file upload_32.txt (compact mmCIF, C-alpha atoms and all ligand atoms)
# COMPACT_ATOMS: atom_id res chain seq x y z
CA MET W 1 50.40 -70.68 -9.63
CA MET W 2 52.21 -68.05 -7.55
CA VAL W 3 53.70 -65.23 -9.61
CA ASP W 4 56.40 -62.95 -8.27
CA ALA W 5 55.22 -59.55 -9.46
CA SER W 6 57.73 -57.49 -7.49
CA HIS W 7 59.65 -56.54 -10.63
CA LEU W 8 56.57 -55.28 -12.48
CA LYS W 9 56.28 -51.53 -12.85
CA ASN W 10 53.47 -49.86 -10.90
CA ASP W 11 52.73 -46.60 -12.66
CA ILE W 12 52.15 -43.96 -10.05
CA ASP W 13 51.17 -40.35 -9.78
CA LEU W 14 53.33 -38.76 -7.07
CA GLY W 15 50.39 -36.58 -6.03
CA ASP W 16 48.45 -39.69 -5.00
CA LEU W 17 51.15 -40.87 -2.61
CA ILE W 18 51.08 -40.20 1.11
CA ILE W 19 54.20 -39.53 3.18
CA ARG W 20 53.72 -39.98 6.90
CA GLN W 21 55.54 -41.00 10.05
CA VAL W 22 55.58 -44.67 10.94
CA VAL W 23 53.27 -45.68 13.79
CA LYS W 24 53.72 -48.85 15.83
CA ASP W 25 51.24 -50.83 13.74
CA ASP W 26 53.35 -50.15 10.62
CA LEU W 27 56.42 -51.95 11.95
CA PRO W 28 55.52 -55.34 10.36
CA ALA W 29 55.01 -53.67 6.96
CA LEU W 30 58.56 -52.30 7.17
CA GLU W 31 59.76 -55.87 6.86
CA TRP W 32 58.34 -55.70 3.33
CA ASP W 33 57.58 -59.20 2.16
CA GLY W 34 60.00 -60.91 4.51
CA GLU W 35 62.99 -59.27 2.90
CA TYR W 36 63.87 -57.26 6.01
CA THR W 37 62.65 -59.51 8.81
CA GLN W 38 66.20 -59.55 10.12
CA PHE W 39 65.89 -55.86 11.01
CA ARG W 40 62.84 -56.34 13.29
CA ARG W 41 64.73 -55.56 16.49
CA MET W 42 66.57 -52.64 14.95
CA TYR W 43 63.29 -51.13 13.73
CA ALA W 44 61.63 -51.63 17.13
CA SER W 45 64.55 -49.92 18.83
CA LEU W 46 64.48 -47.09 16.32
CA TYR W 47 60.76 -46.71 16.86
CA ARG W 48 61.46 -46.20 20.57
CA ASP W 49 63.94 -43.48 19.55
CA THR W 50 61.15 -41.72 17.65
CA GLN W 51 59.22 -41.56 20.91
CA THR W 52 62.05 -39.71 22.64
CA GLY W 53 62.73 -37.31 19.77
CA ARG W 54 66.02 -38.86 18.67
CA ALA W 55 64.78 -40.21 15.34
CA LEU W 56 62.10 -39.98 12.67
CA MET W 57 60.76 -42.88 10.64
CA TRP W 58 59.07 -41.89 7.38
CA MET W 59 57.13 -44.08 5.02
CA ILE W 60 55.46 -43.42 1.71
CA GLU W 61 52.36 -45.36 0.69
CA THR W 62 49.58 -45.46 -1.86
CA GLU W 63 46.08 -44.21 -1.08
CA LYS W 64 45.13 -47.87 -0.62
CA GLY W 65 47.79 -48.24 2.06
CA ASP W 66 50.36 -50.22 0.07
CA MET W 67 53.91 -49.60 1.23
CA VAL W 68 55.98 -47.87 -1.46
CA GLY W 69 59.13 -46.80 0.34
CA GLN W 70 60.76 -45.53 3.50
CA ALA W 71 63.57 -43.40 4.89
CA PHE W 72 64.66 -43.01 8.49
CA VAL W 73 66.38 -40.04 10.11
CA ILE W 74 68.62 -39.89 13.17
CA LEU W 75 68.39 -36.43 14.69
CA ARG W 76 70.81 -37.08 17.55
CA SER W 77 73.38 -39.86 17.74
CA GLY W 78 76.61 -40.60 19.59
CA GLU W 79 78.45 -39.81 16.36
CA LEU W 80 78.12 -36.04 16.32
CA SER W 81 79.63 -35.71 12.84
CA ALA W 82 76.60 -37.65 11.54
CA ALA W 83 73.79 -36.24 13.69
CA ASP W 84 74.17 -33.74 16.52
CA GLY W 85 70.52 -33.03 17.37
CA GLU W 86 70.73 -29.42 16.25
CA ARG W 87 72.42 -28.75 12.92
CA ARG W 88 73.12 -32.17 11.38
CA ALA W 89 70.72 -35.04 10.81
CA TYR W 90 71.53 -38.46 9.31
CA ILE W 91 69.36 -40.30 6.77
CA PHE W 92 69.45 -44.09 6.39
CA SER W 93 67.38 -47.13 5.38
CA PHE W 94 66.22 -45.18 2.34
CA ARG W 95 64.54 -47.54 -0.07
CA VAL W 96 61.73 -47.74 -2.58
CA LYS W 97 60.06 -51.01 -3.55
CA PRO W 98 61.42 -52.28 -6.88
CA GLY W 99 58.13 -51.91 -8.79
CA TYR W 100 57.96 -48.21 -7.90
CA ARG W 101 61.53 -47.17 -8.71
CA ASN W 102 62.69 -44.68 -11.39
CA GLN W 103 59.49 -42.64 -11.26
CA GLY W 104 60.64 -39.93 -8.89
CA VAL W 105 59.40 -41.48 -5.62
CA GLY W 106 62.82 -41.53 -3.94
CA THR W 107 63.50 -37.93 -4.91
CA PHE W 108 60.04 -36.88 -3.71
CA LEU W 109 60.58 -38.56 -0.33
CA LEU W 110 64.07 -37.12 0.18
CA GLU W 111 62.96 -33.61 -0.76
CA PHE W 112 60.09 -33.91 1.69
CA ILE W 113 62.55 -34.93 4.42
CA HIS W 114 64.92 -32.06 3.57
CA GLU W 115 62.04 -29.62 3.94
CA ASP W 116 60.91 -31.21 7.22
CA LEU W 117 64.46 -30.99 8.63
CA ARG W 118 64.77 -27.39 7.46
CA ARG W 119 61.60 -26.57 9.39
CA ARG W 120 63.11 -28.22 12.46
CA GLY W 121 66.12 -25.89 12.12
CA PHE W 122 68.68 -28.35 10.75
CA LYS W 123 71.36 -27.04 8.37
CA PHE W 124 72.99 -30.22 7.02
CA VAL W 125 71.92 -33.72 6.07
CA THR W 126 74.44 -36.57 6.12
CA LEU W 127 74.21 -40.17 4.92
CA ASN W 128 76.39 -43.16 4.12
CA VAL W 129 76.15 -44.79 0.73
CA ALA W 130 77.86 -48.04 -0.26
CA LYS W 131 80.70 -47.40 -2.68
CA ASP W 132 79.28 -50.09 -4.96
CA ASN W 133 75.86 -48.40 -5.26
CA PRO W 134 76.33 -46.06 -8.26
CA ASN W 135 72.60 -45.48 -8.76
CA ALA W 136 72.12 -44.13 -5.26
CA ILE W 137 75.33 -42.06 -5.47
CA ARG W 138 74.08 -40.50 -8.72
CA LEU W 139 70.71 -39.69 -7.15
CA TYR W 140 72.33 -38.06 -4.10
CA ARG W 141 74.70 -36.01 -6.29
CA ARG W 142 71.77 -34.84 -8.39
CA LEU W 143 70.11 -33.64 -5.17
CA GLY W 144 73.22 -31.71 -4.15
CA TYR W 145 74.99 -34.14 -1.82
CA LYS W 146 78.80 -34.16 -1.87
CA VAL W 147 81.24 -36.82 -0.68
CA ILE W 148 82.95 -35.60 2.49
CA SER W 149 84.76 -38.74 3.72
CA SER W 150 85.35 -42.43 3.28
CA HIS W 151 84.14 -44.97 5.83
CA ALA W 152 85.04 -48.60 6.39
CA GLY W 153 81.32 -49.24 6.76
CA LYS W 154 81.63 -51.91 9.42
CA TRP W 155 78.48 -52.25 11.53
CA SER W 156 76.48 -54.98 13.16
CA TYR W 157 72.92 -55.76 14.13
CA THR W 158 71.08 -58.46 16.03
CA ASP W 159 68.42 -60.17 13.98
CA HIS W 160 64.90 -61.29 15.03
CA GLU W 161 66.33 -64.59 16.32
CA GLY W 162 69.01 -62.93 18.43
CA ILE W 163 71.89 -63.69 16.07
CA THR W 164 74.44 -60.93 15.59
CA HIS W 165 75.46 -60.11 12.03
CA HIS W 166 78.52 -58.12 11.06
CA VAL W 167 78.21 -56.03 7.91
CA ASP W 168 81.24 -54.92 5.95
CA GLU W 169 80.17 -52.31 3.42
CA PRO W 170 82.77 -49.66 2.45
CA ALA W 171 80.88 -46.41 2.12
CA TRP W 172 81.09 -42.76 1.25
CA ARG W 173 79.80 -40.25 3.75
CA MET W 174 77.86 -37.64 1.80
CA MET W 175 76.46 -34.36 3.02
CA LYS W 176 74.11 -31.68 1.74
CA ARG W 177 73.50 -28.19 3.06
CA ILE W 178 69.80 -27.53 3.54
CA GLY W 179 69.73 -24.31 5.49
C1 LIG G 201 67.91 -45.52 -4.30
C2 LIG G 201 66.38 -45.62 -4.43
C3 LIG G 201 65.75 -45.39 -3.05
C4 LIG G 201 65.91 -44.55 -5.41
O1 LIG G 201 64.49 -44.56 -5.45
P1 LIG G 201 63.70 -44.15 -6.79
O2 LIG G 201 62.29 -43.99 -6.42
O3 LIG G 201 64.03 -45.08 -7.88
O4 LIG G 201 64.36 -42.71 -7.08
P2 LIG G 201 63.94 -41.68 -8.24
O5 LIG G 201 62.92 -42.29 -9.12
O6 LIG G 201 63.63 -40.39 -7.59
O7 LIG G 201 65.31 -41.51 -8.99
C5 LIG G 201 65.90 -42.61 -9.69
C6 LIG G 201 66.12 -42.26 -11.15
O8 LIG G 201 64.89 -42.25 -11.84
C7 LIG G 201 64.79 -41.10 -12.65
N1 LIG G 201 63.37 -40.71 -12.78
C8 LIG G 201 62.66 -39.97 -11.92
N2 LIG G 201 61.39 -39.84 -12.37
C9 LIG G 201 61.32 -40.52 -13.53
C10 LIG G 201 60.29 -40.75 -14.43
N3 LIG G 201 59.05 -40.28 -14.25
N4 LIG G 201 60.58 -41.53 -15.50
C11 LIG G 201 61.80 -42.03 -15.68
N5 LIG G 201 62.84 -41.83 -14.84
C12 LIG G 201 62.59 -41.08 -13.78
C13 LIG G 201 65.56 -40.07 -11.91
O9 LIG G 201 66.04 -39.06 -12.76
C14 LIG G 201 66.68 -40.86 -11.32
O10 LIG G 201 67.78 -40.96 -12.15
P3 LIG G 201 69.18 -40.35 -11.69
O11 LIG G 201 69.30 -40.59 -10.20
O12 LIG G 201 70.17 -41.08 -12.50
O13 LIG G 201 69.10 -38.91 -11.98
C15 LIG G 201 65.94 -47.01 -4.98
O14 LIG G 201 66.63 -47.27 -6.17
C16 LIG G 201 66.19 -48.15 -4.01
O15 LIG G 201 65.38 -48.43 -3.14
N6 LIG G 201 67.34 -48.82 -4.15
C17 LIG G 201 67.69 -49.93 -3.26
C18 LIG G 201 68.04 -49.44 -1.87
C19 LIG G 201 69.16 -48.44 -1.91
O16 LIG G 201 70.16 -48.62 -2.59
N7 LIG G 201 69.00 -47.36 -1.12
C20 LIG G 201 70.02 -46.34 -0.96
C21 LIG G 201 70.87 -46.70 0.20
S1 LIG G 201 72.10 -45.48 0.53
call {"tool": "encode", "arguments": {"input": "upload_32.txt", "output": "structure tokens"}}
result
Amino acid sequence: MMVDASHLKNDIDLGDLIIRQVVKDDLPALEWDGEYTQFRRMYASLYRDTQTGRALMWMIETEKGDMVGQAFVILRSGELSAADGERRAYIFSFRVKPGYRNQGVGTFLLEFIHEDLRRRGFKFVTLNVAKDNPNAIRLYRRLGYKVISSHAGKWSYTDHEGITHHVDEPAWRMMKRIG
């Protein structure tokens, strides 16, 4: 019998986790267990942006190589108020697998990214968070992010089968000073 164990808690020691940049071979694992297959093209395109210095893709895994979470960073985008390549960087696709949540993994990963961006000379981190995601908003506030504007949150992506999807997700833009 198949058992869905994704909700079970995996006790972890943060010190045993590895944070590293995504390499090409990791792209399939970023689809998790089929949950994010629809983002295959978006991830491939973002990976190309990592090769030209426009983006960073971070993942956190166990010593055995099991995917625990991820967060991506745009260093330079067309929307300068989000990421201008110099002072502001934009974090998105931040998620931790359900069985690993509420143990400090997300905080650990974000703090690592803040420190990495600080070293790269960035002064501010921005992100969008859905207005109906109180847990994430609370986490960001705890880490020092403040709401700076309201966004309609309309965006679209083309899935792995070439179908375009329009997402309508009213969001807060939050920002934190890191430098
Ligand atoms: C948002 C998300 C990435 C947070 O990841 P996480 O690993 O659970 O984050 P943390 O464990 O660092 O923090 C979550 C809570 O657990 C608490 N916590 C941390 N360590 C803990 C521990 N050892 N024991 C109990 N609770 C703990 C934290 O205090 C925090 O509570 P607070 O934010 O109310 O202060 C995760 O919930 C997720 O993937 N959600 C779905 C995707 C999503 O919404 N992403 C954000 C998009 S903007």
call {"tool": "atom_distance", "arguments": {"input": "upload_32.txt", "atom1": "atom CA of Lys131 of chain W", "atom2": "atom C21 of ligand LIG 201 (chain G)"}}
result
10.3 Å
call {"tool": "residues_near_ligand", "arguments": {"input": "upload_32.txt", "ligand": "ligand LIG 201 (chain G)", "cutoff": "6 Å", "atoms": "only C-alpha atoms and all ligand atoms", "output": "list in words"}}
result
Phe94, Arg95, Val96, Lys97, Arg101, Asn102, Gln103, Gly104, Val105, Gly106, Thr107, Val129, Ala136, Arg138 and Leu139 of chain W
call {"tool": "closest_residue", "arguments": {"input": "upload_32.txt", "among": "W:Ala29, W:Met59, W:Leu46, W:Ile148", "to": "Ile74 of chain W", "atoms": "only C-alpha atoms"}}
result
W:Leu46
call {"tool": "closest_residue", "arguments": {"input": "upload_32.txt", "among": "W:Thr50, W:Pro134, W:Trp58, W:Glu31", "to": "Ala71 of chain W", "atoms": "only C-alpha atoms"}}
result
W:Trp58
call {"tool": "residues_around", "arguments": {"input": "upload_32.txt", "residues": "Ile19 of chain W", "least_positions_apart": "5", "cutoff": "10 Å", "atoms": "all atoms listed in the file", "output": "list in words"}}
result
Trp58, Met59, Ile60, Glu61, Thr62, Val68, Gly69, Gln70, Phe108, Leu109, Phe112 and Ile113 of chain W
call {"tool": "closest_residue", "arguments": {"input": "upload_32.txt", "among": "W:Val147, W:Val73, W:Leu117, W:Ile137", "to": "Arg87 of chain W", "atoms": "all atoms listed in the file"}}
result
W:Leu117
call {"tool": "closest_residue", "arguments": {"input": "upload_32.txt", "among": "W:Lys64, W:His151, W:Arg41, W:Arg76", "to": "Asp168 of chain W", "atoms": "all atoms listed in the file"}}
result
W:His151
call {"tool": "closest_residue", "arguments": {"input": "upload_32.txt", "among": "W:Leu30, W:Ala89, W:Ala152, W:Ala44", "to": "Pro170 of chain W", "atoms": "all atoms listed in the file"}}
result
W:Ala152
call {"tool": "atom_distance", "arguments": {"input": "upload_32.txt", "atom1": "atom CA of Gln51 of chain W", "atom2": "atom CA of Asp25 of chain W"}}
result
14.2 Å
call {"tool": "atom_distance", "arguments": {"input": "upload_32.txt", "atom1": "atom CA of Arg40 of chain W", "atom2": "atom CA of Gly162 of chain W"}}
result
10.4 Å
call {"tool": "closest_residue", "arguments": {"input": "upload_32.txt", "among": "W:Arg119, W:Lys154, W:His114, W:His160", "to": "Lys176 of chain W", "atoms": "only C-alpha atoms"}}
result
W:His114
call {"tool": "residues_around", "arguments": {"input": "upload_32.txt", "residues": "Ala82 of chain W", "least_positions_apart": "6", "cutoff": "10 Å", "atoms": "all atoms listed in the file", "output": "PyMOL selection string"}}
result
chain W and resi 74-76+88-91+124-128+173-175
call {"tool": "write_last_selection", "arguments": {"input": "upload_32.txt", "atoms": "C-alpha atoms", "output": "PDB file, in the coordinates of the input"}}
result
ATOM      1  CA  ILE W  74      68.620 -39.890  13.170  1.00  0.00           C
ATOM      2  CA  LEU W  75      68.390 -36.430  14.690  1.00  0.00           C
ATOM      3  CA  ARG W  76      70.810 -37.080  17.550  1.00  0.00           C
ATOM      4  CA  ARG W  88      73.120 -32.170  11.380  1.00  0.00           C
ATOM      5  CA  ALA W  89      70.720 -35.040  10.810  1.00  0.00           C
ATOM      6  CA  TYR W  90      71.530 -38.460   9.310  1.00  0.00           C
ATOM      7  CA  ILE W  91      69.360 -40.300   6.770  1.00  0.00           C
ATOM      8  CA  PHE W 124      72.990 -30.220   7.020  1.00  0.00           C
ATOM      9  CA  VAL W 125      71.920 -33.720   6.070  1.00  0.00           C
ATOM     10  CA  THR W 126      74.440 -36.570   6.120  1.00  0.00           C
ATOM     11  CA  LEU W 127      74.210 -40.170   4.920  1.00  0.00           C
ATOM     12  CA  ASN W 128      76.390 -43.160   4.120  1.00  0.00           C
ATOM     13  CA  ARG W 173      79.800 -40.250   3.750  1.00  0.00           C
ATOM     14  CA  MET W 174      77.860 -37.640   1.800  1.00  0.00           C
ATOM     15  CA  MET W 175      76.460 -34.360   3.020  1.00  0.00           C
TER      16      MET W 175
END
